[in-house]
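The data block below is my_file-v4.txt; it holds compact mmCIF, N, CA and C atoms.
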# COMPACT_ATOMS: atom_id res chain seq x y z
N GLN V 227 -20.01 5.51 17.87
CA GLN V 227 -18.81 6.32 17.64
C GLN V 227 -18.14 6.61 18.97
N VAL V 228 -16.80 6.63 18.93
CA VAL V 228 -16.00 6.84 20.13
C VAL V 228 -14.99 7.94 19.88
N GLN V 229 -14.91 8.88 20.78
CA GLN V 229 -13.84 9.88 20.73
C GLN V 229 -12.91 9.65 21.91
N LEU V 230 -11.62 9.75 21.62
CA LEU V 230 -10.58 9.61 22.64
C LEU V 230 -9.73 10.88 22.62
N VAL V 231 -9.55 11.47 23.78
CA VAL V 231 -8.78 12.71 23.88
C VAL V 231 -7.65 12.53 24.87
N GLU V 232 -6.42 12.63 24.35
CA GLU V 232 -5.23 12.48 25.20
C GLU V 232 -4.80 13.83 25.76
N SER V 233 -4.13 13.78 26.88
CA SER V 233 -3.53 14.97 27.47
C SER V 233 -2.38 14.52 28.36
N GLY V 234 -1.53 15.48 28.73
CA GLY V 234 -0.46 15.20 29.67
C GLY V 234 0.93 15.10 29.09
N GLY V 235 1.04 15.19 27.78
CA GLY V 235 2.37 15.14 27.18
C GLY V 235 3.15 16.42 27.45
N GLY V 236 4.42 16.40 27.06
CA GLY V 236 5.24 17.59 27.26
C GLY V 236 6.72 17.27 27.18
N LEU V 237 7.51 18.23 27.63
CA LEU V 237 8.96 18.11 27.63
C LEU V 237 9.44 17.82 29.04
N VAL V 238 10.28 16.81 29.19
CA VAL V 238 10.79 16.43 30.50
C VAL V 238 12.24 15.99 30.36
N GLN V 239 13.01 16.17 31.41
CA GLN V 239 14.40 15.71 31.38
C GLN V 239 14.46 14.21 31.64
N ALA V 240 15.51 13.60 31.17
CA ALA V 240 15.73 12.17 31.41
C ALA V 240 15.69 11.89 32.91
N GLY V 241 15.02 10.81 33.27
CA GLY V 241 14.84 10.46 34.66
C GLY V 241 13.57 11.01 35.27
N GLY V 242 12.90 11.89 34.56
CA GLY V 242 11.68 12.50 35.06
C GLY V 242 10.45 11.64 34.81
N SER V 243 9.29 12.21 35.15
CA SER V 243 8.03 11.49 35.05
C SER V 243 6.97 12.35 34.35
N LEU V 244 6.05 11.66 33.72
CA LEU V 244 4.86 12.28 33.14
C LEU V 244 3.70 11.31 33.32
N ARG V 245 2.49 11.86 33.38
CA ARG V 245 1.29 11.02 33.37
C ARG V 245 0.39 11.46 32.23
N LEU V 246 0.13 10.51 31.34
CA LEU V 246 -0.78 10.76 30.23
C LEU V 246 -2.18 10.32 30.63
N SER V 247 -3.17 11.05 30.11
CA SER V 247 -4.57 10.70 30.34
C SER V 247 -5.27 10.54 29.00
N CYS V 248 -6.23 9.65 28.95
CA CYS V 248 -7.04 9.44 27.76
C CYS V 248 -8.49 9.39 28.21
N ALA V 249 -9.23 10.44 27.85
CA ALA V 249 -10.64 10.52 28.22
C ALA V 249 -11.50 10.04 27.05
N ALA V 250 -12.41 9.13 27.35
CA ALA V 250 -13.28 8.56 26.32
C ALA V 250 -14.66 9.20 26.38
N SER V 251 -15.33 9.16 25.24
CA SER V 251 -16.64 9.81 25.13
C SER V 251 -17.79 8.91 25.59
N ARG V 252 -17.45 7.67 25.97
CA ARG V 252 -18.48 6.77 26.47
C ARG V 252 -17.90 5.88 27.54
N ASN V 253 -18.73 5.05 28.14
CA ASN V 253 -18.34 4.17 29.22
C ASN V 253 -17.24 3.21 28.78
N ILE V 254 -16.06 3.34 29.40
CA ILE V 254 -14.93 2.53 28.94
C ILE V 254 -15.07 1.07 29.34
N PHE V 255 -15.99 0.77 30.23
CA PHE V 255 -16.19 -0.64 30.57
C PHE V 255 -16.77 -1.41 29.38
N ASP V 256 -17.33 -0.68 28.41
CA ASP V 256 -17.84 -1.32 27.20
C ASP V 256 -16.72 -1.74 26.25
N PHE V 257 -15.52 -1.20 26.46
CA PHE V 257 -14.43 -1.48 25.53
C PHE V 257 -13.78 -2.82 25.87
N THR V 258 -13.45 -3.57 24.84
CA THR V 258 -12.76 -4.83 25.06
C THR V 258 -11.41 -4.59 25.72
N ARG V 259 -10.70 -3.62 25.22
CA ARG V 259 -9.44 -3.24 25.83
C ARG V 259 -9.10 -1.82 25.41
N MET V 260 -8.20 -1.19 26.18
CA MET V 260 -7.66 0.11 25.84
C MET V 260 -6.15 0.05 26.00
N GLY V 261 -5.48 0.98 25.34
CA GLY V 261 -4.04 0.94 25.44
C GLY V 261 -3.38 2.20 24.95
N TRP V 262 -2.08 2.18 25.07
CA TRP V 262 -1.24 3.27 24.59
C TRP V 262 -0.22 2.73 23.59
N TYR V 263 -0.06 3.47 22.51
CA TYR V 263 0.93 3.18 21.49
C TYR V 263 1.78 4.44 21.33
N ARG V 264 2.94 4.26 20.71
CA ARG V 264 3.77 5.43 20.43
C ARG V 264 4.45 5.30 19.08
N GLN V 265 4.73 6.47 18.51
CA GLN V 265 5.37 6.50 17.20
C GLN V 265 6.42 7.59 17.19
N ALA V 266 7.67 7.16 17.02
CA ALA V 266 8.78 8.09 16.89
C ALA V 266 8.94 8.46 15.42
N PRO V 267 9.58 9.60 15.12
CA PRO V 267 9.75 10.02 13.73
C PRO V 267 10.44 8.95 12.90
N GLY V 268 9.86 8.63 11.76
CA GLY V 268 10.45 7.66 10.86
C GLY V 268 10.29 6.21 11.27
N LYS V 269 9.52 5.97 12.33
CA LYS V 269 9.35 4.60 12.81
C LYS V 269 7.87 4.22 12.81
N GLN V 270 7.61 2.94 12.98
CA GLN V 270 6.22 2.46 13.01
C GLN V 270 5.63 2.73 14.38
N ARG V 271 4.31 2.65 14.44
CA ARG V 271 3.60 2.82 15.70
C ARG V 271 3.68 1.50 16.48
N ASP V 272 4.16 1.58 17.71
CA ASP V 272 4.39 0.39 18.51
C ASP V 272 3.54 0.39 19.78
N LEU V 273 3.20 -0.80 20.22
CA LEU V 273 2.46 -0.96 21.47
C LEU V 273 3.33 -0.57 22.65
N VAL V 274 2.74 0.17 23.60
CA VAL V 274 3.42 0.50 24.84
C VAL V 274 2.81 -0.29 26.00
N ALA V 275 1.49 -0.20 26.14
CA ALA V 275 0.82 -0.88 27.24
C ALA V 275 -0.66 -1.05 26.90
N VAL V 276 -1.23 -2.14 27.42
CA VAL V 276 -2.63 -2.45 27.18
C VAL V 276 -3.28 -2.85 28.49
N ILE V 277 -4.55 -2.49 28.64
CA ILE V 277 -5.31 -2.93 29.81
C ILE V 277 -6.65 -3.47 29.34
N GLY V 278 -7.00 -4.65 29.83
CA GLY V 278 -8.24 -5.29 29.43
C GLY V 278 -9.43 -4.78 30.22
N ARG V 279 -10.59 -5.24 29.81
CA ARG V 279 -11.84 -4.78 30.44
C ARG V 279 -11.85 -5.08 31.93
N ASP V 280 -11.33 -6.23 32.30
CA ASP V 280 -11.33 -6.63 33.70
C ASP V 280 -10.02 -6.32 34.42
N GLY V 281 -9.13 -5.60 33.76
CA GLY V 281 -7.94 -5.12 34.44
C GLY V 281 -6.60 -5.73 34.12
N PRO V 282 -6.53 -6.88 33.40
CA PRO V 282 -5.21 -7.43 33.09
C PRO V 282 -4.41 -6.46 32.22
N THR V 283 -3.11 -6.44 32.43
CA THR V 283 -2.26 -5.51 31.71
C THR V 283 -1.14 -6.23 30.98
N MET V 284 -0.61 -5.56 29.99
CA MET V 284 0.54 -6.06 29.24
C MET V 284 1.38 -4.87 28.84
N TYR V 285 2.71 -5.05 28.87
CA TYR V 285 3.63 -3.97 28.57
C TYR V 285 4.68 -4.40 27.55
N ALA V 286 5.14 -3.43 26.78
CA ALA V 286 6.31 -3.66 25.95
C ALA V 286 7.52 -3.87 26.85
N ASP V 287 8.44 -4.70 26.42
CA ASP V 287 9.62 -4.99 27.24
C ASP V 287 10.40 -3.72 27.58
N SER V 288 10.39 -2.77 26.65
CA SER V 288 11.19 -1.56 26.83
C SER V 288 10.68 -0.65 27.94
N VAL V 289 9.43 -0.85 28.38
CA VAL V 289 8.86 0.04 29.40
C VAL V 289 8.51 -0.69 30.70
N LYS V 290 8.67 -2.00 30.72
CA LYS V 290 8.36 -2.77 31.93
C LYS V 290 9.15 -2.25 33.12
N GLY V 291 8.43 -2.08 34.24
CA GLY V 291 9.07 -1.59 35.45
C GLY V 291 9.16 -0.08 35.53
N ARG V 292 8.87 0.60 34.42
CA ARG V 292 8.93 2.08 34.42
C ARG V 292 7.56 2.71 34.17
N PHE V 293 6.74 2.08 33.35
CA PHE V 293 5.43 2.62 33.00
C PHE V 293 4.33 1.77 33.65
N THR V 294 3.22 2.44 33.99
CA THR V 294 2.07 1.75 34.55
C THR V 294 0.80 2.26 33.90
N ILE V 295 0.01 1.34 33.37
CA ILE V 295 -1.28 1.69 32.79
C ILE V 295 -2.37 1.40 33.81
N SER V 296 -3.35 2.28 33.88
CA SER V 296 -4.46 2.09 34.81
C SER V 296 -5.71 2.71 34.22
N ARG V 297 -6.85 2.39 34.84
CA ARG V 297 -8.11 2.91 34.34
C ARG V 297 -8.99 3.34 35.50
N ASP V 298 -9.79 4.36 35.24
CA ASP V 298 -10.79 4.81 36.21
C ASP V 298 -12.13 4.79 35.49
N ASN V 299 -12.89 3.75 35.73
CA ASN V 299 -14.16 3.59 35.01
C ASN V 299 -15.15 4.70 35.36
N THR V 300 -15.04 5.27 36.55
CA THR V 300 -15.97 6.32 36.95
C THR V 300 -15.73 7.62 36.16
N LYS V 301 -14.50 7.77 35.66
CA LYS V 301 -14.15 8.97 34.88
C LYS V 301 -13.99 8.67 33.40
N ASN V 302 -14.21 7.40 33.03
CA ASN V 302 -14.04 7.00 31.62
C ASN V 302 -12.67 7.41 31.10
N THR V 303 -11.67 7.18 31.91
CA THR V 303 -10.32 7.63 31.60
C THR V 303 -9.31 6.52 31.85
N VAL V 304 -8.33 6.44 30.95
CA VAL V 304 -7.19 5.55 31.10
C VAL V 304 -5.94 6.40 31.25
N TYR V 305 -5.04 5.94 32.09
CA TYR V 305 -3.83 6.69 32.38
C TYR V 305 -2.58 5.89 32.00
N LEU V 306 -1.50 6.61 31.74
CA LEU V 306 -0.21 5.97 31.57
C LEU V 306 0.78 6.77 32.42
N GLN V 307 1.18 6.19 33.54
CA GLN V 307 2.19 6.81 34.39
C GLN V 307 3.55 6.39 33.88
N MET V 308 4.37 7.37 33.54
CA MET V 308 5.68 7.10 32.96
C MET V 308 6.76 7.64 33.89
N ASN V 309 7.57 6.75 34.43
CA ASN V 309 8.65 7.12 35.33
C ASN V 309 10.00 6.77 34.70
N SER V 310 11.05 7.34 35.24
CA SER V 310 12.41 7.06 34.77
C SER V 310 12.49 7.20 33.25
N LEU V 311 11.98 8.28 32.74
CA LEU V 311 11.91 8.47 31.30
C LEU V 311 13.30 8.58 30.69
N LYS V 312 13.41 8.07 29.47
CA LYS V 312 14.67 8.06 28.72
C LYS V 312 14.47 8.82 27.41
N PRO V 313 15.55 9.32 26.84
CA PRO V 313 15.41 10.00 25.54
C PRO V 313 14.75 9.13 24.48
N GLU V 314 14.98 7.83 24.54
CA GLU V 314 14.37 6.94 23.54
C GLU V 314 12.87 6.75 23.74
N ASP V 315 12.31 7.31 24.80
CA ASP V 315 10.87 7.30 24.98
C ASP V 315 10.20 8.44 24.22
N THR V 316 10.99 9.31 23.63
CA THR V 316 10.45 10.43 22.87
C THR V 316 9.63 9.94 21.68
N ALA V 317 8.39 10.39 21.59
CA ALA V 317 7.48 9.94 20.55
C ALA V 317 6.14 10.66 20.71
N VAL V 318 5.29 10.47 19.72
CA VAL V 318 3.88 10.84 19.87
C VAL V 318 3.17 9.62 20.45
N TYR V 319 2.45 9.84 21.52
CA TYR V 319 1.75 8.75 22.21
C TYR V 319 0.26 8.82 21.85
N TYR V 320 -0.27 7.67 21.45
CA TYR V 320 -1.66 7.58 21.01
C TYR V 320 -2.43 6.65 21.93
N CYS V 321 -3.63 7.08 22.26
CA CYS V 321 -4.56 6.24 23.00
C CYS V 321 -5.35 5.40 22.00
N HIS V 322 -5.62 4.16 22.38
CA HIS V 322 -6.35 3.23 21.51
C HIS V 322 -7.45 2.55 22.30
N ALA V 323 -8.56 2.30 21.62
CA ALA V 323 -9.65 1.52 22.21
C ALA V 323 -10.17 0.54 21.18
N LEU V 324 -10.45 -0.67 21.64
CA LEU V 324 -11.11 -1.67 20.81
C LEU V 324 -12.54 -1.81 21.32
N PHE V 325 -13.49 -1.46 20.45
CA PHE V 325 -14.90 -1.45 20.85
C PHE V 325 -15.73 -1.98 19.71
N SER V 326 -16.51 -2.98 19.99
CA SER V 326 -17.40 -3.55 18.99
C SER V 326 -16.64 -3.92 17.71
N PHE V 327 -15.46 -4.53 17.91
CA PHE V 327 -14.62 -5.03 16.82
C PHE V 327 -14.02 -3.94 15.95
N ARG V 328 -14.04 -2.70 16.43
CA ARG V 328 -13.44 -1.60 15.69
C ARG V 328 -12.36 -0.93 16.54
N ASP V 329 -11.35 -0.41 15.82
CA ASP V 329 -10.26 0.31 16.47
C ASP V 329 -10.55 1.81 16.45
N TYR V 330 -10.31 2.44 17.59
CA TYR V 330 -10.45 3.88 17.71
C TYR V 330 -9.14 4.46 18.26
N TRP V 331 -8.79 5.65 17.71
CA TRP V 331 -7.53 6.28 18.09
C TRP V 331 -7.76 7.72 18.51
N GLY V 332 -6.95 8.18 19.46
CA GLY V 332 -6.91 9.59 19.78
C GLY V 332 -6.02 10.33 18.80
N GLN V 333 -5.90 11.63 19.00
CA GLN V 333 -5.14 12.47 18.08
C GLN V 333 -3.65 12.45 18.39
N GLY V 334 -3.29 11.94 19.55
CA GLY V 334 -1.88 11.85 19.93
C GLY V 334 -1.41 13.02 20.78
N THR V 335 -0.44 12.72 21.62
CA THR V 335 0.18 13.76 22.45
C THR V 335 1.69 13.56 22.43
N GLN V 336 2.42 14.65 22.25
CA GLN V 336 3.88 14.57 22.10
C GLN V 336 4.55 14.45 23.46
N VAL V 337 5.45 13.50 23.56
CA VAL V 337 6.32 13.37 24.73
C VAL V 337 7.75 13.51 24.25
N THR V 338 8.47 14.44 24.84
CA THR V 338 9.87 14.67 24.48
C THR V 338 10.72 14.59 25.74
N VAL V 339 11.73 13.71 25.69
CA VAL V 339 12.61 13.51 26.84
C VAL V 339 14.01 13.99 26.44
N SER V 340 14.49 14.99 27.14
CA SER V 340 15.82 15.54 26.84
C SER V 340 16.88 14.85 27.67
N SER V 341 18.06 14.75 27.09
CA SER V 341 19.17 14.07 27.79
C SER V 341 19.97 15.04 28.64
Step by step, read the file and then write its structure as structure tokens.
Amino acid sequence: QVQLVESGGGLVQAGGSLRLSCAASRNIFDFTRMGWYRQAPGKQRDLVAVIGRDGPTMYADSVKGRFTISRDNTKNTVYLQMNSLKPEDTAVYYCHALFSFRDYWGQGTQVTVSS
């Protein structure tokens, strides 16, 4: 069993920055990959960024150049640094882990970007 706990969301003005954290209940090096997804009201949950076990990353086109995903294996934590935030980035952000062929999700953290 895996628990994922997100933190770092909040309200920020357009152009500002936030850093989300996702703390896992076990060694994240065991996970095939981890990532961040987001879901705006009335929309589907979409991929934001993914990081593999050995460090390769992938980003949605809408966040490339603005968001950076990283991991600290010593703290069992994955981060999402979000810069140059836009109102369209407003959503609930969810941490995801793929472990032993199963998907695990955090409870989500709200990010609101005001114009």
> Counting only N, CA and C atoms, what is within 5 Å of Ala275 of chain V, bar same-chain residues fewer than 3 positions away, as a ChimeraX atom specification?
Replying inline: /V:261-262,284-286
Output file for the selection above: N, CA and C atoms, as a compact mmCIF listing (two decimals), in the frame of the given file:
# COMPACT_ATOMS: atom_id res chain seq x y z
N GLY V 261 -5.48 0.98 25.34
CA GLY V 261 -4.04 0.94 25.44
C GLY V 261 -3.38 2.20 24.95
N TRP V 262 -2.08 2.18 25.07
CA TRP V 262 -1.24 3.27 24.59
C TRP V 262 -0.22 2.73 23.59
N MET V 284 -0.61 -5.56 29.99
CA MET V 284 0.54 -6.06 29.24
C MET V 284 1.38 -4.87 28.84
N TYR V 285 2.71 -5.05 28.87
CA TYR V 285 3.63 -3.97 28.57
C TYR V 285 4.68 -4.40 27.55
N ALA V 286 5.14 -3.43 26.78
CA ALA V 286 6.31 -3.66 25.95
C ALA V 286 7.52 -3.87 26.85
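Distance annotation: of V:Gln307, V:Ser251, V:Asn299, V:Thr316, the residue with the minimal separation from Gln336 of chain V is V:Thr316; atom set is all atoms listed in the file.
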>> Give me, as a VMD selection string, the residues of chain V that a backbone DSSP run labels strand (DSSP E).
In response: chain V and resid 230 to 233 236 to 239 244 to 250 259 to 265 272 to 278 283 to 285 293 to 298 303 to 308 317 to 325 328 to 331 335 to 340
> What would the list of residues within 7 Å of (-5.3, 12.7, 26.8) (file frame) look like as a PyMOL selection string, if all atoms listed in the file are what count?
Replying inline: chain V and resi 230-235+246-249
Those same residues, written as a short mmCIF file (atom, residue, chain, number, x, y, z; two decimals), in the frame of the given file with N, CA and C atoms?
data_model
loop_
_atom_site.label_atom_id
_atom_site.label_comp_id
_atom_site.auth_asym_id
_atom_site.auth_seq_id
_atom_site.Cartn_x
_atom_site.Cartn_y
_atom_site.Cartn_z
N LEU V 230 -11.62 9.75 21.62
CA LEU V 230 -10.58 9.61 22.64
C LEU V 230 -9.73 10.88 22.62
N VAL V 231 -9.55 11.47 23.78
CA VAL V 231 -8.78 12.71 23.88
C VAL V 231 -7.65 12.53 24.87
N GLU V 232 -6.42 12.63 24.35
CA GLU V 232 -5.23 12.48 25.20
C GLU V 232 -4.80 13.83 25.76
N SER V 233 -4.13 13.78 26.88
CA SER V 233 -3.53 14.97 27.47
C SER V 233 -2.38 14.52 28.36
N GLY V 234 -1.53 15.48 28.73
CA GLY V 234 -0.46 15.20 29.67
C GLY V 234 0.93 15.10 29.09
N GLY V 235 1.04 15.19 27.78
CA GLY V 235 2.37 15.14 27.18
C GLY V 235 3.15 16.42 27.45
N LEU V 246 0.13 10.51 31.34
CA LEU V 246 -0.78 10.76 30.23
C LEU V 246 -2.18 10.32 30.63
N SER V 247 -3.17 11.05 30.11
CA SER V 247 -4.57 10.70 30.34
C SER V 247 -5.27 10.54 29.00
N CYS V 248 -6.23 9.65 28.95
CA CYS V 248 -7.04 9.44 27.76
C CYS V 248 -8.49 9.39 28.21
N ALA V 249 -9.23 10.44 27.85
CA ALA V 249 -10.64 10.52 28.22
C ALA V 249 -11.50 10.04 27.05
#
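Excluding Ser243 of chain V itself and any same-chain residue fewer than 3 positions from it, the protein and nucleic acid residues within 6 Å of it, counting only N, CA and C atoms, are Met308, Asn309, Ser310 and Leu311 of chain V.
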> What does the distance between atom C of Val289 of chain V and atom N of Gly334 of chain V come to in Å, to one decimal place?
Replying inline: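 Taking atom C of Val289 of chain V as the start and atom N of Gly334 of chain V as the end point, the length is 20.6 Å.
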>> As an exercise, work out the distance from atom CA of Gln333 of chain V to atom C of Arg292 of chain V in Å and give it to one decimal place.
In response: 22.7 Å
>> Calculated over all atoms listed in the file, which of the candidates V:Gly236, V:Gly241, V:Pro267, V:Gly281 has the smallest distance to Pro313 of chain V?
In response: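 For Pro313 of chain V, the nearest of the candidates is V:Gly241.
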>> Can you pull out the residues contacting Asn253 of chain V? Cut-off 8 Å, using all atoms listed in the file, and skip same-chain residues under 5 positions away; I want them as a VMD selection string.
In response: chain V and resid 299 301 to 303
>> Residues within 7 Å of (-4.7, 2.8, 22.8), file coordinates, counting only C-alpha atoms: what are they? Give the list as a count of residues only.
In response: 9
> Could you pull the residues within 6 Å of Thr258 of chain V, counting only N, CA and C atoms, minus those fewer than 2 positions along the same chain, as a ChimeraX atom specification?
Replying inline: /V:256,260,278-279,324-326
> Which polymer residues have any atom within 9 Å of an atom of Thr283 of chain V, counting only C-alpha atoms, with same-chain residues fewer than 5 positions away left out, as an MDAnalysis selection string?
Replying inline: chainID V and resid 275:278 294:296
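Nearest residue to Asp315 of chain V among V:Val238, V:Arg328, V:Gly291, V:Thr300 is V:Val238, counting only C-alpha atoms.
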> In Å, with one decimal, what is the gap from atom N of Ala317 of chain V to atom N of Lys290 of chain V?
Replying inline: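 Separation between atom N of Ala317 of chain V and atom N of Lys290 of chain V: 15.4 Å.
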> Which residue out of V:Gln227, V:Gln265, V:Leu237, V:Val304 has the minimum interatomic distance to Ser340 of chain V when only C-alpha atoms are used?
Replying inline: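 The answer is V:Leu237, which sits nearest to Ser340 of chain V.
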>> Using only N, CA and C atoms for the distances, tell me which of V:Val228, V:Val318, V:Ala266, V:Lys312 is nearest to Arg252 of chain V.
In response: V:Val228
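Comparing V:Val274, V:Glu314, V:Tyr305, V:Phe257 by their smallest distance to Leu244 of chain V, the closest is V:Tyr305 (using only C-alpha atoms).
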>> To test your reading of the structure, identify every residue in chain V that backbone DSSP assigns to helix (DSSP H, G or I), and report it as a list in words.
In response: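 Those in chain V that DSSP calls helix (DSSP H, G or I) are Ile254, Phe255, Asp256, Pro313, Glu314 and Asp315 of chain V.
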